[in-house]
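Asker: Have a look at this one before I ask anything.
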Amino acid sequence: VKPRLPRGRQFFANPGPTNIPDSILHAVAHVTVDFNDPAFLAVYDRCVAGLKRVLRTEQSVFMYTGSGHAAWEASMVNLFSPGDTLLVIESGYFSENWARMAQDLGLVVRSVAADWRRGAEIGAVEAALAADAAHEIKAVCAVHNETATGMVLPLPAIRAAMDAAGHPALLLADTISSLGSLDFRMDEWGVDVAVGGSQKGLMLPTGMSFTGVSARAMAAHATSRLPKSYFNWTNMLARRHRSFVGTVPTSLFYGLEESLRLIEEEGLEQVFARHARLAEAVRRCVRHWSGNDGPQLFCLSPDRYSDSVTAILLPEGHDAERVRRIALEAFNVSLGGGLGRLGGKVFRIGHLGDLNEPMILGTLASVEMALRLAGVPHNPGGVAAAMDWLAEAAGQG
Ligand code: PLP
């Protein structure tokens, strides 16, 4: 396939970073301000309050200049001591990375093993906790939305399993690809630390991440002994911004203020409904392509389908990277690739953030053309199945 010069707007169907709405781009292009200027402090305080509304928490929030990994690292160094044990629920590439980081920091990891296509059984989480009579496990770590596989873990059920086992561990949830796209309720669901980032559902540039932190987690912080300085919550609390030991990334706050305005103007429930609608269109399209021997939805648990990203498994012997390359070079559509052991086997369509029907249909049509050009067997006409669904959903209001 002959590469073409990219013209028109790129269709960015990556599961993060995501499309940035024009009004956020304009808001971020703000002149430099002193981060202690009263006018900026007002913006800052409104952003922190808004972020708490999106996290659905009334507890603490700490923010970091750094991508999601920074927030992961900050939560671990602030909560734990060398040799502490974490129970990581396996979900895919990102749970593996979280576990690896914990080990790098001197923590001990136990894991609840899972088939990546079906997800961990909650009974296995409860059993692992019930077997830990000495309460060595200090925290359960769950990736709410596993971006690598397109699967959601039911956090309320995990909290219920922890309670049923009578275990005092903290619940840490990675909401990096769910916050602002899928329902998440930090306080109601008993999440102790919620890890989030700027570049997914919040539709901002990459570079800022944050953690919602419960009172129980703050108590654990008081006795934690892992080395920390820049990320130390106690050092942050001493500052006016109660975050950021150094310079505050002011431009991102002007963007965040606009992001929160957009989200709240639409309404969180409507934002979730839009994600669910577009995600269902993608799934109907893929199911149509599947036929007998075509591409398949990677996730095999319908009650855990992710409404922010769909991973698509290619038939044996077909290279997902080739499909991605054709989509990019021929049609200027950027798809997500397979991560870790799924490299070359799956590609991913991100459908989160600033997205509507024509954007998703344009992406699906381009993917269908790329499948054809790559010689991947499929049942043509998946886009029509997506259109049927989207028209029906629009008709229902
Ligand atoms: N966790 C999840 C679920 C993610 O999707 C990502 C990134 O895609 C990360 C963690 C890592 O975040 P970052 O790339 O912002 O450091």
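Residue numbering restarts at 1 for every chain of the structure tokens, chains are lettered A, B, ... in their displayed order, and ligands are numbered from 1 as they appear.
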Taking the chain letters and numbering used in this document, name the residues of stretch 56-271 of chain A that DSSP puts in strand (DSSP E), as number ranges by chain.

Answerer: A: 60-65, 85-89, 108-112, 137-143, 145-146, 151-152, 170-174, 193-197, 208-213

Asker: What lies within 6 Å of stretch 304-319 of chain A using only C-alpha atoms, ignoring chain neighbours under 5 positions off, as a list in words?

Answerer: Pro15, Thr149, Gly150, Met151, Val152, His275, Ala276, Ala279, Gly294, Pro295, Gln296, Leu297, Phe298, Gly344, Lys345, Val346, Phe347, Arg348, Ile349, Gly350, His351 and Leu352 of chain A

Asker: If the limit is 9 Å from any atom of ligand 1, counting only C-alpha atoms and all ligand atoms, which residues qualify? Return them as a PDB file with C-alpha atoms, in the first residue's frame.

Answerer:
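And here is the file that came out, out_32.pdb:
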```
ATOM      1  CA  PRO A  15      -6.707   4.835  23.755  1.00  0.00           C
ATOM      2  CA  GLY A  16      -4.589   7.629  25.163  1.00  0.00           C
ATOM      3  CA  PRO A  17      -3.365  10.184  24.734  1.00  0.00           C
ATOM      4  CA  GLY A  66       4.380  13.600  35.304  1.00  0.00           C
ATOM      5  CA  SER A  67       2.334  10.991  33.460  1.00  0.00           C
ATOM      6  CA  GLY A  68       0.302   8.224  35.115  1.00  0.00           C
ATOM      7  CA  HIS A  69       3.427   6.342  36.164  1.00  0.00           C
ATOM      8  CA  ALA A  70       4.323   9.262  38.444  1.00  0.00           C
ATOM      9  CA  ALA A  71       1.006   8.904  40.259  1.00  0.00           C
ATOM     10  CA  TRP A  72       1.545   5.145  40.592  1.00  0.00           C
ATOM     11  CA  TYR A  93       0.027  -5.251  30.514  1.00  0.00           C
ATOM     12  CA  PHE A  94      -0.728  -2.402  32.917  1.00  0.00           C
ATOM     13  CA  SER A  95      -1.270  -4.614  35.972  1.00  0.00           C
ATOM     14  CA  ASN A  97       3.782  -2.963  34.925  1.00  0.00           C
ATOM     15  CA  TRP A  98       2.299  -1.833  38.207  1.00  0.00           C
ATOM     16  CA  VAL A 143      -6.624  -1.583  37.183  1.00  0.00           C
ATOM     17  CA  HIS A 144     -10.200  -0.356  36.802  1.00  0.00           C
ATOM     18  CA  ASN A 145      -9.997  -0.307  33.011  1.00  0.00           C
ATOM     19  CA  GLU A 146      -7.188  -2.428  31.530  1.00  0.00           C
ATOM     20  CA  THR A 147      -6.274  -0.359  28.487  1.00  0.00           C
ATOM     21  CA  ALA A 148      -4.256  -3.190  26.944  1.00  0.00           C
ATOM     22  CA  ASP A 174      -5.837   2.724  38.514  1.00  0.00           C
ATOM     23  CA  THR A 175      -8.469   4.920  36.838  1.00  0.00           C
ATOM     24  CA  ILE A 176      -6.119   6.220  34.155  1.00  0.00           C
ATOM     25  CA  SER A 177      -8.258   5.100  31.208  1.00  0.00           C
ATOM     26  CA  SER A 178     -11.625   5.142  32.994  1.00  0.00           C
ATOM     27  CA  VAL A 195      -4.707   7.018  40.308  1.00  0.00           C
ATOM     28  CA  GLY A 196      -5.533   9.201  37.296  1.00  0.00           C
ATOM     29  CA  GLY A 197      -3.850  11.051  34.459  1.00  0.00           C
ATOM     30  CA  SER A 198      -4.520  14.070  32.268  1.00  0.00           C
ATOM     31  CA  GLN A 199      -4.314  12.608  28.762  1.00  0.00           C
ATOM     32  CA  LYS A 200      -7.303  10.264  28.528  1.00  0.00           C
ATOM     33  CA  THR A 206       0.048  14.450  28.785  1.00  0.00           C
ATOM     34  CA  GLY A 207       2.063  15.647  31.748  1.00  0.00           C
ATOM     35  CA  MET A 208      -0.117  15.828  34.809  1.00  0.00           C
ATOM     36  CA  SER A 209      -1.370  13.012  36.995  1.00  0.00           C
TER      37      SER A 209
END
```

Asker: In Å, how far is it from atom CA of A:Leu172 to atom CA of A:Pro156?

Answerer: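 The value is 12.3 Å.
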
Asker: Using only C-alpha atoms, determine which residues lie at most 6 Å from stretch 19-22 of chain A, disregarding the query and same-chain residues fewer than 2 positions distant; provide the list as an NGL selection string.

Answerer: :A and (24-25 or 203-204 or 354)

Asker: Keeping C-alpha atoms, export the residues of the selection given above as a compact mmCIF listing (two decimals), in the first residue's frame.

Answerer:
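Wrote it out as again06.txt, contents follow:
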```txt
# COMPACT_ATOMS: atom_id res chain seq x y z
CA ILE A 24 -8.87 23.07 25.59
CA LEU A 25 -6.03 23.68 23.13
CA MET A 203 -8.81 15.30 27.12
CA LEU A 204 -5.69 17.23 28.17
CA ASP A 354 -13.67 14.05 22.74
```

Asker: Return as a tab-separated table the residues of stretch 270-336 of chain A lying at most 6 Å from stretch 362-372 of chain A, together with the closest atom-to-atom pair for each and the distance in Å to one decimal, counting only C-alpha atoms, with rows in chain order and ascending residue number.

Answerer:
```
residue	atom	partner	partner_atom	distance
A:Val323	CA	A:Ala370	CA	5.7
A:Ile326	CA	A:Ala370	CA	5.7
A:Ala327	CA	A:Ala370	CA	5.4
```

Asker: Those residues with N, CA and C atoms, as a PDB file, in the first residue's frame please?

Answerer:
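Full text of out_20.pdb as output:
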```
ATOM      1  N   VAL A 323      -1.886  -4.031   9.894  1.00  0.00           N
ATOM      2  CA  VAL A 323      -3.182  -3.342   9.776  1.00  0.00           C
ATOM      3  C   VAL A 323      -3.042  -1.903  10.282  1.00  0.00           C
ATOM      4  N   ILE A 326      -1.086   0.229   7.743  1.00  0.00           N
ATOM      5  CA  ILE A 326      -1.886   0.595   6.557  1.00  0.00           C
ATOM      6  C   ILE A 326      -2.900   1.687   6.937  1.00  0.00           C
ATOM      7  N   ALA A 327      -3.538   1.524   8.091  1.00  0.00           N
ATOM      8  CA  ALA A 327      -4.532   2.526   8.514  1.00  0.00           C
ATOM      9  C   ALA A 327      -3.876   3.902   8.627  1.00  0.00           C
TER      10      ALA A 327
END
```

Asker: Between atom CA of A:Ala194 and atom CA of A:Val213, measure the distance and give it in Å to one decimal.

Answerer: 6.8 Å

Asker: Give me, as a PyMOL selection string, the residues of stretch 195-370 of chain A that a backbone DSSP run labels helix (DSSP H, G or I).

Answerer: chain A and resi 215-223+233-237+250-266+268-290+302-304+320-331+340-342+357-370

Asker: Pick from A:Gly50, A:Pro38, A:Gly291, A:Gly375: nearest to A:Leu260, with only C-alpha atoms counted?

Answerer: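 Using only C-alpha atoms, the shortest distance to A:Leu260 belongs to A:Gly50.
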
Asker: Determine the nearest neighbour of A:Trp389 from the options A:Ala281, A:Met218, A:Ala133, A:Val125, counting only C-alpha atoms.

Answerer: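 Closest residue, counting only C-alpha atoms: A:Ala281.
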
Asker: Can you tell me how far atom CA of A:Ser334 sits from atom CA of A:His26, in Å to one decimal?

Answerer: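 Those two atoms sit 23.1 Å apart.
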
Asker: Taking 5 positions as the minimum chain separation for residues in the same chain, which residues sit within 9 Å of A:Leu5 when counting only C-alpha atoms? Answer as number ranges by chain.

Answerer: A: 329-330, 332

Asker: Need to verify the contact set: stretch 51-59 of chain A, 9 Å, only C-alpha atoms, exclusion of same-chain residues closer than 2 positions in sequence. Can you return it as a list in words?

Answerer: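 The filter keeps Arg46, Cys47, Val48, Ala49, Val61, Leu179, Gly180, Phe184, Arg185, Met186, Asp187, Glu188, Ala194, Gly212, Val213, Ser214, Ala215, Leu256, Leu260, Ile263, Glu264 and Leu268 of chain A.
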
Asker: Give me, as an MDAnalysis selection string, all polymer residues having an atom no more than 12 Å from A:Asp132, counting only C-alpha atoms and skipping those fewer than 3 positions away in the same chain.

Answerer: chainID A and resid 85:87 110 125:129 135:139 162 165:169

Asker: From the options A:Trp289, A:Asp303, A:Met76, A:Asn232, which residue's atoms come nearest to A:Phe244, counting only C-alpha atoms?

Answerer: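 For A:Phe244, the nearest of the given residues is A:Asn232.
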
Asker: Using only C-alpha atoms, which of A:Ser60, A:Ala374, A:Leu105, A:Leu328 sits nearest A:Pro227?

Answerer: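 Looking only at the distances to A:Pro227, the closest residue turns out to be A:Leu105.
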
Asker: Near A:Glu96, counting only C-alpha atoms, which residues have an atom at most 12 Å away, once you skip same-chain residues fewer than 2 positions from it, shown as a PDB file with N, CA and C atoms, in the first residue's frame?

Answerer:
```pdb
ATOM      1  N   LEU A  87      -1.255  -7.120  46.867  1.00  0.00           N
ATOM      2  CA  LEU A  87      -1.958  -8.122  46.060  1.00  0.00           C
ATOM      3  C   LEU A  87      -2.408  -7.433  44.771  1.00  0.00           C
ATOM      4  N   VAL A  88      -1.773  -7.807  43.666  1.00  0.00           N
ATOM      5  CA  VAL A  88      -2.104  -7.180  42.379  1.00  0.00           C
ATOM      6  C   VAL A  88      -3.030  -8.109  41.601  1.00  0.00           C
ATOM      7  N   ILE A  89      -4.175  -7.586  41.205  1.00  0.00           N
ATOM      8  CA  ILE A  89      -5.114  -8.394  40.412  1.00  0.00           C
ATOM      9  C   ILE A  89      -4.667  -8.319  38.957  1.00  0.00           C
ATOM     10  N   GLU A  90      -4.283  -9.451  38.409  1.00  0.00           N
ATOM     11  CA  GLU A  90      -3.777  -9.456  37.037  1.00  0.00           C
ATOM     12  C   GLU A  90      -4.904  -9.097  36.064  1.00  0.00           C
ATOM     13  N   SER A  91      -4.613  -8.147  35.191  1.00  0.00           N
ATOM     14  CA  SER A  91      -5.605  -7.813  34.163  1.00  0.00           C
ATOM     15  C   SER A  91      -4.961  -7.738  32.794  1.00  0.00           C
ATOM     16  N   GLY A  92      -3.663  -7.442  32.745  1.00  0.00           N
ATOM     17  CA  GLY A  92      -2.991  -7.312  31.459  1.00  0.00           C
ATOM     18  C   GLY A  92      -1.684  -6.557  31.632  1.00  0.00           C
ATOM     19  N   TYR A  93      -1.275  -5.929  30.557  1.00  0.00           N
ATOM     20  CA  TYR A  93       0.027  -5.251  30.514  1.00  0.00           C
ATOM     21  C   TYR A  93       0.178  -4.221  31.634  1.00  0.00           C
ATOM     22  N   PHE A  94      -0.893  -3.470  31.930  1.00  0.00           N
ATOM     23  CA  PHE A  94      -0.728  -2.402  32.917  1.00  0.00           C
ATOM     24  C   PHE A  94      -0.688  -2.938  34.347  1.00  0.00           C
ATOM     25  N   TRP A  98       2.498  -2.361  36.845  1.00  0.00           N
ATOM     26  CA  TRP A  98       2.299  -1.833  38.207  1.00  0.00           C
ATOM     27  C   TRP A  98       3.036  -2.751  39.192  1.00  0.00           C
ATOM     28  N   ALA A  99       2.871  -4.069  38.977  1.00  0.00           N
ATOM     29  CA  ALA A  99       3.533  -5.050  39.852  1.00  0.00           C
ATOM     30  C   ALA A  99       5.057  -4.905  39.757  1.00  0.00           C
ATOM     31  N   ARG A 100       5.549  -4.715  38.527  1.00  0.00           N
ATOM     32  CA  ARG A 100       7.005  -4.583  38.346  1.00  0.00           C
ATOM     33  C   ARG A 100       7.515  -3.339  39.067  1.00  0.00           C
ATOM     34  N   MET A 101       6.785  -2.253  38.953  1.00  0.00           N
ATOM     35  CA  MET A 101       7.224  -1.027  39.630  1.00  0.00           C
ATOM     36  C   MET A 101       7.265  -1.251  41.141  1.00  0.00           C
ATOM     37  N   ALA A 102       6.249  -1.940  41.669  1.00  0.00           N
ATOM     38  CA  ALA A 102       6.218  -2.202  43.117  1.00  0.00           C
ATOM     39  C   ALA A 102       7.462  -2.995  43.525  1.00  0.00           C
ATOM     40  N   GLN A 103       7.818  -3.985  42.702  1.00  0.00           N
ATOM     41  CA  GLN A 103       9.010  -4.786  43.026  1.00  0.00           C
ATOM     42  C   GLN A 103      10.269  -3.931  42.946  1.00  0.00           C
ATOM     43  N   VAL A 109       5.213  -8.666  45.792  1.00  0.00           N
ATOM     44  CA  VAL A 109       3.953  -8.735  45.051  1.00  0.00           C
ATOM     45  C   VAL A 109       3.410 -10.155  45.047  1.00  0.00           C
ATOM     46  N   ARG A 110       2.136 -10.278  45.462  1.00  0.00           N
ATOM     47  CA  ARG A 110       1.394 -11.517  45.215  1.00  0.00           C
ATOM     48  C   ARG A 110       0.382 -11.169  44.148  1.00  0.00           C
ATOM     49  N   SER A 111       0.068 -12.155  43.313  1.00  0.00           N
ATOM     50  CA  SER A 111      -0.896 -11.750  42.292  1.00  0.00           C
ATOM     51  C   SER A 111      -2.056 -12.723  42.197  1.00  0.00           C
ATOM     52  N   VAL A 112      -3.197 -12.164  41.820  1.00  0.00           N
ATOM     53  CA  VAL A 112      -4.362 -12.995  41.522  1.00  0.00           C
ATOM     54  C   VAL A 112      -4.304 -13.218  40.020  1.00  0.00           C
ATOM     55  N   ALA A 113      -3.944 -14.432  39.611  1.00  0.00           N
ATOM     56  CA  ALA A 113      -3.714 -14.706  38.194  1.00  0.00           C
ATOM     57  C   ALA A 113      -5.036 -14.672  37.426  1.00  0.00           C
ATOM     58  N   ALA A 114      -4.934 -14.291  36.165  1.00  0.00           N
ATOM     59  CA  ALA A 114      -6.148 -14.221  35.349  1.00  0.00           C
ATOM     60  C   ALA A 114      -5.839 -14.503  33.891  1.00  0.00           C
ATOM     61  N   TRP A 116      -6.247 -13.187  30.442  1.00  0.00           N
ATOM     62  CA  TRP A 116      -6.434 -11.795  30.021  1.00  0.00           C
ATOM     63  C   TRP A 116      -7.711 -11.586  29.215  1.00  0.00           C
ATOM     64  N   CYS A 141      -4.329  -4.021  44.549  1.00  0.00           N
ATOM     65  CA  CYS A 141      -4.173  -3.095  43.418  1.00  0.00           C
ATOM     66  C   CYS A 141      -4.981  -3.603  42.233  1.00  0.00           C
ATOM     67  N   ALA A 142      -5.886  -2.762  41.738  1.00  0.00           N
ATOM     68  CA  ALA A 142      -6.748  -3.160  40.624  1.00  0.00           C
ATOM     69  C   ALA A 142      -6.716  -2.086  39.543  1.00  0.00           C
ATOM     70  N   VAL A 143      -6.512  -2.517  38.313  1.00  0.00           N
ATOM     71  CA  VAL A 143      -6.624  -1.583  37.183  1.00  0.00           C
ATOM     72  C   VAL A 143      -8.104  -1.554  36.800  1.00  0.00           C
ATOM     73  N   GLU A 146      -8.480  -1.966  32.079  1.00  0.00           N
ATOM     74  CA  GLU A 146      -7.188  -2.428  31.530  1.00  0.00           C
ATOM     75  C   GLU A 146      -7.124  -2.001  30.067  1.00  0.00           C
ATOM     76  N   ALA A 148      -4.899  -2.282  27.899  1.00  0.00           N
ATOM     77  CA  ALA A 148      -4.256  -3.190  26.944  1.00  0.00           C
ATOM     78  C   ALA A 148      -5.213  -4.251  26.409  1.00  0.00           C
ATOM     79  N   LEU A 339       0.042  -4.500  23.310  1.00  0.00           N
ATOM     80  CA  LEU A 339       1.099  -4.230  24.293  1.00  0.00           C
ATOM     81  C   LEU A 339       1.589  -5.526  24.936  1.00  0.00           C
ATOM     82  N   GLY A 340       2.901  -5.559  25.195  1.00  0.00           N
ATOM     83  CA  GLY A 340       3.491  -6.715  25.860  1.00  0.00           C
ATOM     84  C   GLY A 340       3.272  -7.966  25.024  1.00  0.00           C
ATOM     85  N   ARG A 341       2.786  -9.020  25.667  1.00  0.00           N
ATOM     86  CA  ARG A 341       2.639 -10.292  24.957  1.00  0.00           C
ATOM     87  C   ARG A 341       1.567 -10.263  23.863  1.00  0.00           C
TER      88      ARG A 341
END
```
